Structures are given as structure tokens and as C-alpha cells.
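> This one is final_36.pdb, PDB, C-alpha atoms.
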MODEL        1
ATOM      1  CA  MET A   1       0.000   0.000   0.000
ATOM      2  CA  ALA A   2       1.255   3.350  -0.987
ATOM      3  CA  ASP A   3       2.178   5.936   1.608
ATOM      4  CA  PRO A   4      -0.548   8.510   1.973
ATOM      5  CA  GLY A   5       2.017  11.218   2.320
ATOM      6  CA  SER A   6       3.465  10.379  -1.003
ATOM      7  CA  ASN A   7       0.173  10.742  -2.740
ATOM      8  CA  PRO A   8       0.142  14.071  -4.470
ATOM      9  CA  PHE A   9      -3.622  14.070  -4.738
ATOM     10  CA  SER A  10      -4.230  13.523  -1.097
ATOM     11  CA  HIS A  11      -5.431  16.514   1.020
ATOM     12  CA  PRO A  12      -2.896  17.860   3.477
ATOM     13  CA  GLY A  13      -3.750  17.559   7.162
ATOM     14  CA  PRO A  14      -3.672  20.286   9.737
ATOM     15  CA  SER A  15      -0.272  19.432  10.962
ATOM     16  CA  ASP A  16       1.079  19.467   7.482
ATOM     17  CA  GLU A  17      -0.420  22.858   6.823
ATOM     18  CA  ALA A  18       1.037  24.185  10.019
ATOM     19  CA  ASP A  19       4.361  22.805   9.144
ATOM     20  CA  ARG A  20       4.254  24.428   5.758
ATOM     21  CA  MET A  21       3.298  27.844   7.164
ATOM     22  CA  ASN A  22       5.716  27.552  10.067
ATOM     23  CA  LEU A  23       2.845  28.262  12.504
ATOM     24  CA  PRO A  24       2.838  27.093  16.104
ATOM     25  CA  PRO A  25       0.345  24.459  16.915
ATOM     26  CA  GLU A  26      -3.062  25.623  18.162
ATOM     27  CA  HIS A  27      -3.571  25.944  21.971
ATOM     28  CA  PRO A  28      -6.713  24.808  23.639
ATOM     29  CA  ALA A  29      -9.575  27.457  23.761
ATOM     30  CA  ARG A  30      -9.819  29.715  26.937
ATOM     31  CA  PRO A  31     -13.163  30.267  28.712
ATOM     32  CA  PRO A  32     -14.847  33.631  27.819
ATOM     33  CA  GLU A  33     -14.303  36.545  30.297
ATOM     34  CA  PRO A  34     -17.424  38.078  31.925
ATOM     35  CA  ALA A  35     -18.550  41.444  30.494
ATOM     36  CA  ARG A  36     -17.776  44.600  32.623
ATOM     37  CA  ARG A  37     -20.772  46.496  34.015
ATOM     38  CA  ASN A  38     -21.070  50.221  33.131
ATOM     39  CA  ILE A  39     -21.986  52.463  36.231
ATOM     40  CA  TRP A  40     -22.450  55.773  34.420
ATOM     41  CA  PRO A  41     -26.156  55.295  33.771
ATOM     42  CA  TRP A  42     -26.743  54.813  37.512
ATOM     43  CA  VAL A  43     -24.686  57.900  38.403
ATOM     44  CA  THR A  44     -26.607  59.974  35.868
ATOM     45  CA  ALA A  45     -29.930  58.694  37.201
ATOM     46  CA  GLY A  46     -28.947  59.554  40.805
ATOM     47  CA  ILE A  47     -27.935  63.093  39.859
ATOM     48  CA  LEU A  48     -31.187  63.665  37.988
ATOM     49  CA  ALA A  49     -33.199  62.309  40.929
ATOM     50  CA  SER A  50     -31.390  64.642  43.383
ATOM     51  CA  LEU A  51     -32.023  67.630  41.148
ATOM     52  CA  LEU A  52     -35.673  66.705  40.824
ATOM     53  CA  ILE A  53     -36.148  66.292  44.594
ATOM     54  CA  GLY A  54     -34.365  69.592  45.322
ATOM     55  CA  MET A  55     -36.462  71.413  42.747
ATOM     56  CA  ILE A  56     -39.692  70.001  44.159
ATOM     57  CA  GLY A  57     -38.716  71.008  47.709
ATOM     58  CA  SER A  58     -37.559  74.515  46.767
ATOM     59  CA  PRO A  59     -39.692  77.645  47.494
ATOM     60  CA  TRP A  60     -39.611  78.515  43.812
ATOM     61  CA  PHE A  61     -41.435  75.282  42.946
ATOM     62  CA  GLU A  62     -43.963  75.964  45.711
ATOM     63  CA  ALA A  63     -44.609  79.505  44.457
ATOM     64  CA  LYS A  64     -44.467  79.012  40.700
ATOM     65  CA  VAL A  65     -45.437  75.445  39.918
ATOM     66  CA  ARG A  66     -47.418  73.743  42.660
ATOM     67  CA  ARG A  67     -49.984  76.541  42.940
ATOM     68  CA  ASN A  68     -50.587  76.316  39.168
ATOM     69  CA  LEU A  69     -51.142  72.571  39.148
ATOM     70  CA  PRO A  70     -54.688  71.314  38.601
ATOM     71  CA  GLU A  71     -56.657  70.652  41.762
ATOM     72  CA  ALA A  72     -56.959  67.013  40.883
ATOM     73  CA  ILE A  73     -53.241  66.354  41.327
ATOM     74  CA  GLN A  74     -52.598  68.828  44.179
ATOM     75  CA  PRO A  75     -52.178  67.321  47.672
ATOM     76  CA  ALA A  76     -55.140  67.869  49.975
ATOM     77  CA  ALA A  77     -54.430  70.564  52.595
ATOM     78  CA  SER A  78     -55.138  69.750  56.228
ATOM     79  CA  ALA A  79     -57.672  71.627  58.359
ATOM     80  CA  ASP A  80     -54.903  73.472  60.222
ATOM     81  CA  VAL A  81     -53.337  74.655  56.983
ATOM     82  CA  ARG A  82     -56.689  75.865  55.675
ATOM     83  CA  GLY A  83     -57.330  77.713  58.929
ATOM     84  CA  LEU A  84     -53.946  79.423  58.775
ATOM     85  CA  GLU A  85     -54.543  80.408  55.148
ATOM     86  CA  ALA A  86     -57.939  81.886  56.065
ATOM     87  CA  ARG A  87     -56.468  83.868  58.966
ATOM     88  CA  LEU A  88     -53.642  85.139  56.760
ATOM     89  CA  ALA A  89     -56.101  86.256  54.106
ATOM     90  CA  ASP A  90     -58.205  88.019  56.737
ATOM     91  CA  MET A  91     -55.136  89.839  58.091
ATOM     92  CA  GLU A  92     -54.135  90.935  54.589
ATOM     93  CA  LEU A  93     -57.656  92.222  54.001
ATOM     94  CA  ARG A  94     -57.612  94.196  57.251
ATOM     95  CA  LEU A  95     -54.250  95.742  56.420
ATOM     96  CA  ALA A  96     -55.425  96.693  52.956
ATOM     97  CA  SER A  97     -58.753  98.197  54.122
ATOM     98  CA  PRO A  98     -58.841 101.656  55.861
ATOM     99  CA  ALA A  99     -59.066 101.635  59.663
ATOM    100  CA  PRO A 100     -62.487 102.536  61.188
ATOM    101  CA  SER A 101     -62.995 105.761  63.096
ATOM    102  CA  GLY A 102     -63.012 103.964  66.463
ATOM    103  CA  GLY A 103     -59.554 102.572  65.810
ATOM    104  CA  ALA A 104     -58.331 106.046  64.849
ATOM    105  CA  ASP A 105     -59.615 107.400  68.152
ATOM    106  CA  GLU A 106     -57.855 104.638  70.042
ATOM    107  CA  ASP A 107     -54.645 105.343  68.148
ATOM    108  CA  ALA A 108     -54.975 109.047  68.952
ATOM    109  CA  ASP A 109     -55.475 108.259  72.636
ATOM    110  CA  ALA A 110     -52.457 105.953  72.637
ATOM    111  CA  ILE A 111     -50.354 108.613  70.918
ATOM    112  CA  ALA A 112     -51.513 111.197  73.469
ATOM    113  CA  ARG A 113     -50.590 108.903  76.370
ATOM    114  CA  ILE A 114     -47.206 108.185  74.840
ATOM    115  CA  SER A 115     -46.610 111.921  74.347
ATOM    116  CA  ALA A 116     -47.544 112.571  77.991
ATOM    117  CA  LEU A 117     -45.131 109.879  79.145
ATOM    118  CA  GLU A 118     -42.390 111.321  76.962
ATOM    119  CA  THR A 119     -43.065 114.810  78.357
ATOM    120  CA  ALA A 120     -42.902 113.521  81.939
ATOM    121  CA  ALA A 121     -39.673 111.654  81.189
ATOM    122  CA  GLN A 122     -38.159 114.764  79.640
ATOM    123  CA  ALA A 123     -39.196 116.819  82.681
ATOM    124  CA  ARG A 124     -37.533 114.310  85.022
ATOM    125  CA  GLU A 125     -34.444 114.290  82.850
ATOM    126  CA  GLN A 126     -34.368 118.098  82.845
ATOM    127  CA  ALA A 127     -34.678 118.154  86.642
ATOM    128  CA  GLY A 128     -31.812 115.691  86.916
ATOM    129  CA  LEU A 129     -29.708 117.788  84.570
ATOM    130  CA  GLU A 130     -30.426 120.922  86.613
ATOM    131  CA  ALA A 131     -29.406 119.154  89.829
ATOM    132  CA  THR A 132     -26.258 117.918  88.122
ATOM    133  CA  ASP A 133     -25.504 121.444  86.910
ATOM    134  CA  ARG A 134     -25.863 122.815  90.436
ATOM    135  CA  LEU A 135     -23.540 120.161  91.795
ATOM    136  CA  ASN A 136     -21.058 120.884  89.025
ATOM    137  CA  GLN A 137     -21.216 124.599  89.785
ATOM    138  CA  LEU A 138     -20.565 123.896  93.455
ATOM    139  CA  ALA A 139     -17.631 121.666  92.531
ATOM    140  CA  VAL A 140     -16.230 124.383  90.252
ATOM    141  CA  GLU A 141     -16.686 126.934  92.999
ATOM    142  CA  LEU A 142     -14.892 124.727  95.504
ATOM    143  CA  GLN A 143     -12.096 124.133  93.015
ATOM    144  CA  ARG A 144     -11.766 127.838  92.445
ATOM    145  CA  MET A 145     -11.790 128.373  96.184
ATOM    146  CA  ASN A 146      -8.947 125.894  96.578
ATOM    147  CA  GLU A 147      -7.017 127.720  93.898
ATOM    148  CA  GLU A 148      -7.666 131.033  95.638
ATOM    149  CA  LEU A 149      -6.572 129.574  98.957
ATOM    150  CA  SER A 150      -3.345 128.297  97.455
ATOM    151  CA  SER A 151      -2.340 131.696  96.130
ATOM    152  CA  GLY A 152      -3.175 135.327  96.736
ATOM    153  CA  ASP A 153      -3.860 137.493  99.731
ATOM    154  CA  GLU A 154      -5.168 135.811 102.890
ATOM    155  CA  ARG A 155      -7.794 138.489 103.454
ATOM    156  CA  ILE A 156      -9.283 138.031 100.008
ATOM    157  CA  ARG A 157      -9.282 134.270 100.515
ATOM    158  CA  ASP A 158     -11.102 134.640 103.816
ATOM    159  CA  LEU A 159     -13.770 136.833 102.241
ATOM    160  CA  PHE A 160     -14.220 134.370  99.398
ATOM    161  CA  LEU A 161     -14.507 131.446 101.828
ATOM    162  CA  LEU A 162     -17.096 133.335 103.891
ATOM    163  CA  SER A 163     -19.128 134.103 100.770
ATOM    164  CA  VAL A 164     -19.221 130.418  99.912
ATOM    165  CA  MET A 165     -20.255 129.607 103.497
ATOM    166  CA  ARG A 166     -23.106 132.124 103.315
ATOM    167  CA  ARG A 167     -24.396 130.649 100.071
ATOM    168  CA  MET A 168     -24.309 127.145 101.538
ATOM    169  CA  LEU A 169     -26.075 128.390 104.680
ATOM    170  CA  GLU A 170     -28.838 130.009 102.641
ATOM    171  CA  ALA A 171     -29.234 126.867 100.514
ATOM    172  CA  GLY A 172     -29.262 124.544 103.548
ATOM    173  CA  ARG A 173     -26.199 122.585 102.434
ATOM    174  CA  PRO A 174     -23.913 120.976 105.032
ATOM    175  CA  LEU A 175     -20.488 122.534 105.446
ATOM    176  CA  ASN A 176     -18.682 119.173 105.372
ATOM    177  CA  PRO A 177     -16.655 119.895 102.186
ATOM    178  CA  ILE A 178     -15.125 123.077 103.672
ATOM    179  CA  GLU A 179     -15.418 122.420 107.408
ATOM    180  CA  ASP A 180     -11.697 121.715 107.806
ATOM    181  CA  MET A 181     -10.736 124.920 105.994
ATOM    182  CA  VAL A 182     -13.220 126.959 108.056
ATOM    183  CA  SER A 183     -11.836 125.536 111.285
ATOM    184  CA  ALA A 184      -8.235 126.158 110.219
ATOM    185  CA  ARG A 185      -8.901 129.776 109.165
ATOM    186  CA  PHE A 186     -11.352 131.074 111.794
ATOM    187  CA  ARG A 187     -11.198 128.929 114.956
ATOM    188  CA  GLU A 188      -8.504 131.120 116.536
ATOM    189  CA  LYS A 189     -10.406 134.291 115.645
ATOM    190  CA  ASP A 190     -13.878 133.217 116.821
ATOM    191  CA  GLY A 191     -14.155 129.629 118.013
ATOM    192  CA  GLY A 192     -17.772 130.112 119.143
ATOM    193  CA  ALA A 193     -18.885 131.067 115.640
ATOM    194  CA  VAL A 194     -17.137 128.034 114.171
ATOM    195  CA  GLU A 195     -18.834 125.750 116.717
ATOM    196  CA  THR A 196     -22.303 127.153 116.003
ATOM    197  CA  LEU A 197     -21.761 126.704 112.250
ATOM    198  CA  ALA A 198     -20.612 123.106 112.789
ATOM    199  CA  ALA A 199     -23.668 122.377 114.983
ATOM    200  CA  TRP A 200     -26.010 123.798 112.335
ATOM    201  CA  SER A 201     -24.271 121.776 109.601
ATOM    202  CA  ARG A 202     -25.154 118.485 111.312
ATOM    203  CA  GLU A 203     -28.891 119.107 110.736
ATOM    204  CA  PRO A 204     -29.063 122.026 108.280
ATOM    205  CA  GLN A 205     -32.280 124.044 108.134
ATOM    206  CA  THR A 206     -33.231 127.230 106.316
ATOM    207  CA  ARG A 207     -35.897 129.835 106.915
ATOM    208  CA  GLU A 208     -37.893 128.353 104.060
ATOM    209  CA  THR A 209     -37.854 124.837 105.541
ATOM    210  CA  LEU A 210     -38.831 126.207 108.960
ATOM    211  CA  ALA A 211     -41.768 128.067 107.395
ATOM    212  CA  LYS A 212     -42.908 124.912 105.583
ATOM    213  CA  ARG A 213     -43.019 123.016 108.891
ATOM    214  CA  LEU A 214     -45.371 125.524 110.555
ATOM    215  CA  PRO A 215     -48.670 124.290 108.967
ATOM    216  CA  GLU A 216     -48.095 120.831 110.402
ATOM    217  CA  LEU A 217     -47.424 122.364 113.819
ATOM    218  CA  ALA A 218     -50.683 124.331 113.517
ATOM    219  CA  ARG A 219     -52.617 121.144 112.743
ATOM    220  CA  VAL A 220     -51.093 119.355 115.724
ATOM    221  CA  GLY A 221     -51.924 122.376 117.889
ATOM    222  CA  ARG A 222     -55.570 122.381 116.817
ATOM    223  CA  GLU A 223     -55.849 118.686 117.648
ATOM    224  CA  ALA A 224     -54.283 119.332 121.057
ATOM    225  CA  ASP A 225     -56.731 122.196 121.694
ATOM    226  CA  ALA A 226     -59.641 119.939 120.747
ATOM    227  CA  GLN A 227     -58.446 117.188 123.075
ATOM    228  CA  GLN A 228     -57.996 119.671 125.910
ATOM    229  CA  ALA A 229     -61.490 121.025 125.360
ATOM    230  CA  GLY A 230     -62.984 117.641 126.290
ATOM    231  CA  GLY A 231     -66.667 116.938 125.500
ATOM    232  CA  TRP A 232     -69.157 118.870 123.448
ATOM    233  CA  TRP A 233     -69.991 121.217 126.318
ATOM    234  CA  GLU A 234     -66.377 122.197 126.727
ATOM    235  CA  ARG A 235     -65.997 122.686 122.978
ATOM    236  CA  LEU A 236     -69.119 124.861 122.974
ATOM    237  CA  LYS A 237     -67.722 127.001 125.774
ATOM    238  CA  LEU A 238     -64.409 127.233 123.937
ATOM    239  CA  GLY A 239     -66.243 128.470 120.846
ATOM    240  CA  PHE A 240     -68.098 131.146 122.837
ATOM    241  CA  SER A 241     -64.858 132.159 124.524
ATOM    242  CA  ARG A 242     -63.268 132.785 121.144
ATOM    243  CA  MET A 243     -66.205 134.973 120.153
ATOM    244  CA  VAL A 244     -66.007 137.066 123.343
ATOM    245  CA  THR A 245     -62.774 138.642 124.513
ATOM    246  CA  VAL A 246     -62.270 138.357 128.256
ATOM    247  CA  ARG A 247     -59.400 140.178 129.891
ATOM    248  CA  ARG A 248     -57.514 138.037 132.375
ATOM    249  CA  PRO A 249     -54.761 138.893 134.817
ATOM    250  CA  ALA A 250     -51.226 138.993 133.486
ATOM    251  CA  GLY A 251     -49.733 135.509 133.062
ATOM    252  CA  GLU A 252     -53.093 133.734 132.688
ATOM    253  CA  ASP A 253     -53.949 134.727 129.105
ATOM    254  CA  ARG A 254     -52.420 132.027 126.908
ATOM    255  CA  PRO A 255     -53.329 131.902 123.198
ATOM    256  CA  GLY A 256     -54.117 128.679 121.391
ATOM    257  CA  GLN A 257     -51.427 126.788 119.544
ATOM    258  CA  ALA A 258     -52.873 127.698 116.153
ATOM    259  CA  GLU A 259     -52.645 131.405 116.970
ATOM    260  CA  VAL A 260     -49.063 130.944 118.172
ATOM    261  CA  VAL A 261     -48.056 129.255 114.935
ATOM    262  CA  GLN A 262     -49.789 131.968 112.892
ATOM    263  CA  ALA A 263     -47.860 134.686 114.741
ATOM    264  CA  ALA A 264     -44.565 132.820 114.169
ATOM    265  CA  ALA A 265     -45.340 132.500 110.450
ATOM    266  CA  GLU A 266     -45.987 136.242 110.188
ATOM    267  CA  ALA A 267     -42.703 136.954 111.961
ATOM    268  CA  LEU A 268     -40.845 134.712 109.521
ATOM    269  CA  ARG A 269     -42.458 136.446 106.551
ATOM    270  CA  ALA A 270     -41.252 139.735 108.027
ATOM    271  CA  GLY A 271     -37.696 138.318 108.250
ATOM    272  CA  ASP A 272     -37.532 138.299 112.054
ATOM    273  CA  LEU A 273     -36.421 134.804 113.054
ATOM    274  CA  GLY A 274     -35.829 135.786 116.678
ATOM    275  CA  LEU A 275     -39.433 137.018 117.036
ATOM    276  CA  ALA A 276     -40.713 133.784 115.485
ATOM    277  CA  ILE A 277     -38.781 131.793 118.087
ATOM    278  CA  SER A 278     -40.234 133.938 120.892
ATOM    279  CA  GLU A 279     -43.761 133.406 119.562
ATOM    280  CA  MET A 280     -43.300 129.644 119.467
ATOM    281  CA  GLN A 281     -41.861 129.624 122.988
ATOM    282  CA  ALA A 282     -45.004 131.357 124.246
ATOM    283  CA  GLY A 283     -47.259 128.492 123.095
ATOM    284  CA  ARG A 284     -47.772 124.919 124.216
ATOM    285  CA  GLN A 285     -44.523 122.977 124.165
ATOM    286  CA  THR A 286     -44.952 119.685 122.328
ATOM    287  CA  ALA A 287     -42.162 117.483 120.977
ATOM    288  CA  GLU A 288     -42.612 118.931 117.490
ATOM    289  CA  THR A 289     -42.618 122.490 118.799
ATOM    290  CA  ARG A 290     -39.452 121.986 120.818
ATOM    291  CA  GLN A 291     -37.683 120.463 117.802
ATOM    292  CA  TRP A 292     -38.733 123.429 115.641
ATOM    293  CA  ILE A 293     -37.464 125.901 118.260
ATOM    294  CA  ARG A 294     -34.148 124.028 118.509
ATOM    295  CA  ASP A 295     -33.625 124.055 114.731
ATOM    296  CA  ALA A 296     -34.542 127.744 114.538
ATOM    297  CA  GLU A 297     -32.127 128.626 117.342
ATOM    298  CA  LEU A 298     -29.309 126.710 115.595
ATOM    299  CA  LEU A 299     -30.002 128.590 112.374
ATOM    300  CA  LEU A 300     -30.132 131.946 114.170
ATOM    301  CA  ALA A 301     -26.842 131.227 115.977
ATOM    302  CA  ALA A 302     -25.187 130.098 112.723
ATOM    303  CA  GLU A 303     -26.304 133.281 110.929
ATOM    304  CA  SER A 304     -25.052 135.409 113.816
ATOM    305  CA  GLY A 305     -21.692 133.607 113.906
ATOM    306  CA  LEU A 306     -21.259 133.947 110.163
ATOM    307  CA  ASP A 307     -22.056 137.662 110.384
ATOM    308  CA  ARG A 308     -19.364 138.083 113.037
ATOM    309  CA  LEU A 309     -16.769 136.221 110.953
ATOM    310  CA  ASP A 310     -17.738 138.201 107.877
ATOM    311  CA  SER A 311     -17.442 141.508 109.731
ATOM    312  CA  GLN A 312     -14.034 140.593 111.142
ATOM    313  CA  ALA A 313     -12.675 139.476 107.752
ATOM    314  CA  LEU A 314     -14.036 142.568 106.009
ATOM    315  CA  SER A 315     -12.506 144.883 108.634
ATOM    316  CA  ALA A 316      -9.146 143.117 108.318
ATOM    317  CA  ALA A 317      -9.253 143.357 104.511
ATOM    318  CA  ILE A 318     -10.069 147.094 104.643
ATOM    319  CA  ALA A 319      -7.264 147.702 107.119
ATOM    320  CA  THR A 320      -4.802 145.792 104.928
ATOM    321  CA  ALA A 321      -5.896 147.711 101.824
ATOM    322  CA  ARG A 322      -5.419 151.035 103.596
ATOM    323  CA  ALA A 323      -1.982 150.002 104.840
ATOM    324  CA  ASP A 324      -0.889 148.938 101.375
ATOM    325  CA  ALA A 325      -2.287 152.021  99.593
ATOM    326  CA  PRO A 326       0.381 154.601  98.641
ATOM    327  CA  ALA A 327       0.312 157.855 100.573
ATOM    328  CA  GLU A 328      -0.992 160.791  98.534
ATOM    329  CA  THR A 329      -0.885 164.468  99.412
ATOM    330  CA  ALA A 330      -4.313 165.764 100.098
ATOM    331  CA  ARG A 331      -5.360 168.512  97.658
ATOM    332  CA  PRO A 332      -8.611 170.452  97.525
ATOM    333  CA  LEU A 333     -10.939 169.489  94.713
ATOM    334  CA  ASN A 334     -11.055 173.059  93.381
ATOM    335  CA  ALA A 335      -7.284 173.577  93.492
ATOM    336  CA  PRO A 336      -5.790 174.751  90.159
ATOM    337  CA  GLU A 337      -3.696 172.353  88.169
ATOM    338  CA  ALA A 338       0.085 172.799  88.214
ATOM    339  CA  ALA A 339       1.449 174.807  85.356
ATOM    340  CA  GLY A 340       2.468 172.758  82.423
ATOM    341  CA  SER A 341       0.648 169.680  83.614
TER     342      SER A 341
ENDMDL
END
Now that the file is in, can you turn its structure into C-alpha cells?


Amino acid sequence: MADPGSNPFSHPGPSDEADRMNLPPEHPARPPEPARRNIWPWVTAGILASLLIGMIGSPWFEAKVRRNLPEAIQPAASADVRGLEARLADMELRLASPAPSGGADEDADAIARISALETAAQAREQAGLEATDRLNQLAVELQRMNEELSSGDERIRDLFLLSVMRRMLEAGRPLNPIEDMVSARFREKDGGAVETLAAWSREPQTRETLAKRLPELARVGREADAQQAGGWWERLKLGFSRMVTVRRPAGEDRPGQAEVVQAAAEALRAGDLGLAISEMQAGRQTAETRQWIRDAELLLAAESGLDRLDSQALSAAIATARADAPAETARPLNAPEAAGS
């Protein structure tokens, strides 16, 4: 049998073809690899969903789109939401409509009350500013007094200090800020005057404050007279006694407390504090009356002591001025002028 390879008409096998083409032999087939999944569609869908949710939840969508949707696809509003919408619409209607006349009257009354409160507040503020100005003026005056005391003539400083003391006495202000200076300058000259001023400064009173206390003393005196009168019979006799003047021996005629207070008030209006004290001493002595007499006596002693200090300082200043003045030759007023002058 002939060799198949030697047969020229025989078909070549795979190995022969590979040999002729110098190709490597075929390897066995590999299993197919799984296809890779593409995630970009999911990312795109997520982004679009986020944008859609944000747009639906935005105020623009609520204002522009949802209100224009048909009622069939709009969500049903709850009872609370409908109530709030009705109240809001009512408020808008009230704001848009003109206010009734009654409301205008109420607004006018409220404005008037507010204006009155503002006026009262401004008045209180003005009073506080005036008090502050007075305190500032006193501080400036004290500062100036300290400057005057540190330089200049002693006589002029004494007069200035006494003028400040008189102003404080008339205003009823305690002398505590200048008490040390007063004691240092005037205790050797008139210690009694300094002591009376210091005693007055502990409980300062003025003639005005003493006069304002008299009506209360008159009321207390009338009550005391009524209690002393006793029952209705005694009060009736007291009334007849006031209508008829009966002369009594000296020392027995004693006026009522109201008349005593009236006489003291008239003496104060006349500027006679000593007479007012004498009138009050002639009446019934109650605790209030004795306190008034004590305060008046302290004020009278302080005024007298200040007058003495003022007179002494003024006399010393005049004497110093005369001693320092240059001596001039006395010449008659009608004497002719010197030639060539």
C-alpha cells in the first residue's frame, strides 16, 4: 500500500499545513471573560433624581409650579393649613382696608398717652440735669476756692470762703466739704462762731424749711386744743370764749397753739427769726414744737456767727488795703492844676 504522504492528490492535514506555514500548533480554547458592568447610567440617574427632589422642595417650585397645578393632582391641605390660610387672608384684608374711626380714636389716645409719658420723662431728665448742673457749679466753685486759697492774699481768701459759706447756709447745704478749711482759718479768731456753724451743719435748716413746717405744727396744735377742750360742752364754751374777749390777769392769758403758729409764720415772713422763736416759745410745748425751736435757734446762731466772721474778715481786709495804699498828698478838689501839667 502506498504511503498517503506520497500521494500528491491527497489533502494535506492540519499538521502538514502548520508545518508548511511555520505556525505554532493551536492551543486549547480559553473560557470567555465576563462582560464589565457600566456604572455611568446609575450615576446619571442619581444626579437627575437629586435635582428633581431639590427642585420640588424649593420655594420657587412651591410659588411658581405647585400653585398652578390642577386641583386634581394637588395634595389635599389639612384643616390646620386651611385655617392658617384663612387667617392670613383676613389679616391681609384688614391691612389693605382703611381703619375705622373707632380705631383712629384709640390710636390718637395711645399717641396722646405716649406723648404725655415722653413729656414727663423729659421733665424728670431736665430736673436731673439741673441738679447735676448745680452740683457741678458747686464743685467748680470749691475748686476755684482751693485755687484762691493756694495763692493770693489771705484776706481776700477769707472773704471768698465766707461768701461760699453764706451761700451754703442760705441753701441749707452741710459745710462738710469746707469744714476743715473753716476751722483752720477762723477757729482762733472766733471759736464760738465756728462751733455754732458746725452744729447747724449736722442738721441744716433754712428759713424756708422752717416756714414749711409751721402748717403741720398748727394742725397738731388744733388737735391738742380739741383734746384739751374735752366733751361737746367744753368745745361749745371754747367756741363762745373765742367769740367774746375776756381780759384776764397777766400771766393767765395764753393763746391757742394755732394762733401761736400763725404769729410765728408772720414773723418769719417779716424776716424776724428771733421774734418767730419767741412766739413759738409762748405756746404749748410739744415734741414737734421743741424740735422746731431748737432748729430755729441753731439757724439763728449760725447766721449770727457767720455775720461776726464776715465783719471781722471785712474789717481786716479794709485795714490791709489802707496800709498797702500809697500815701498821697491831700489837695482840695477846686485847686488849680500845676502849670504845664

> Kindly give the distance, in Å, that separates CA of Ser278 (chain A) and CA of Thr206 (chain A), rounded to a single decimal.

17.5 Å

> Show me, as a PyMOL selection string, the residues that have an atom within 9 Å of region 141-146 of chain A when counting only C-alpha atoms, minus same-chain residues fewer than 4 positions from it.

chain A and resi 136-137+150-151+157+160-161+164+177-178

> What does the distance from CA of Ser311 (chain A) to CA of Arg202 (chain A) come to in Å, to one decimal?

24.3 Å

> Report, in Å to a single decimal, how far apart CA of Glu279 (chain A) and CA of Ala264 (chain A) are.

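So the answer is 5.5 Å.
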
> Using the chain letters and numbering of this document, enumerate as a ChimeraX atom specification the residues selected by the PyMOL selection byres ((chain A and resi 174) around 9).

/A:168-169,172-173,175-177,179,198,200-204
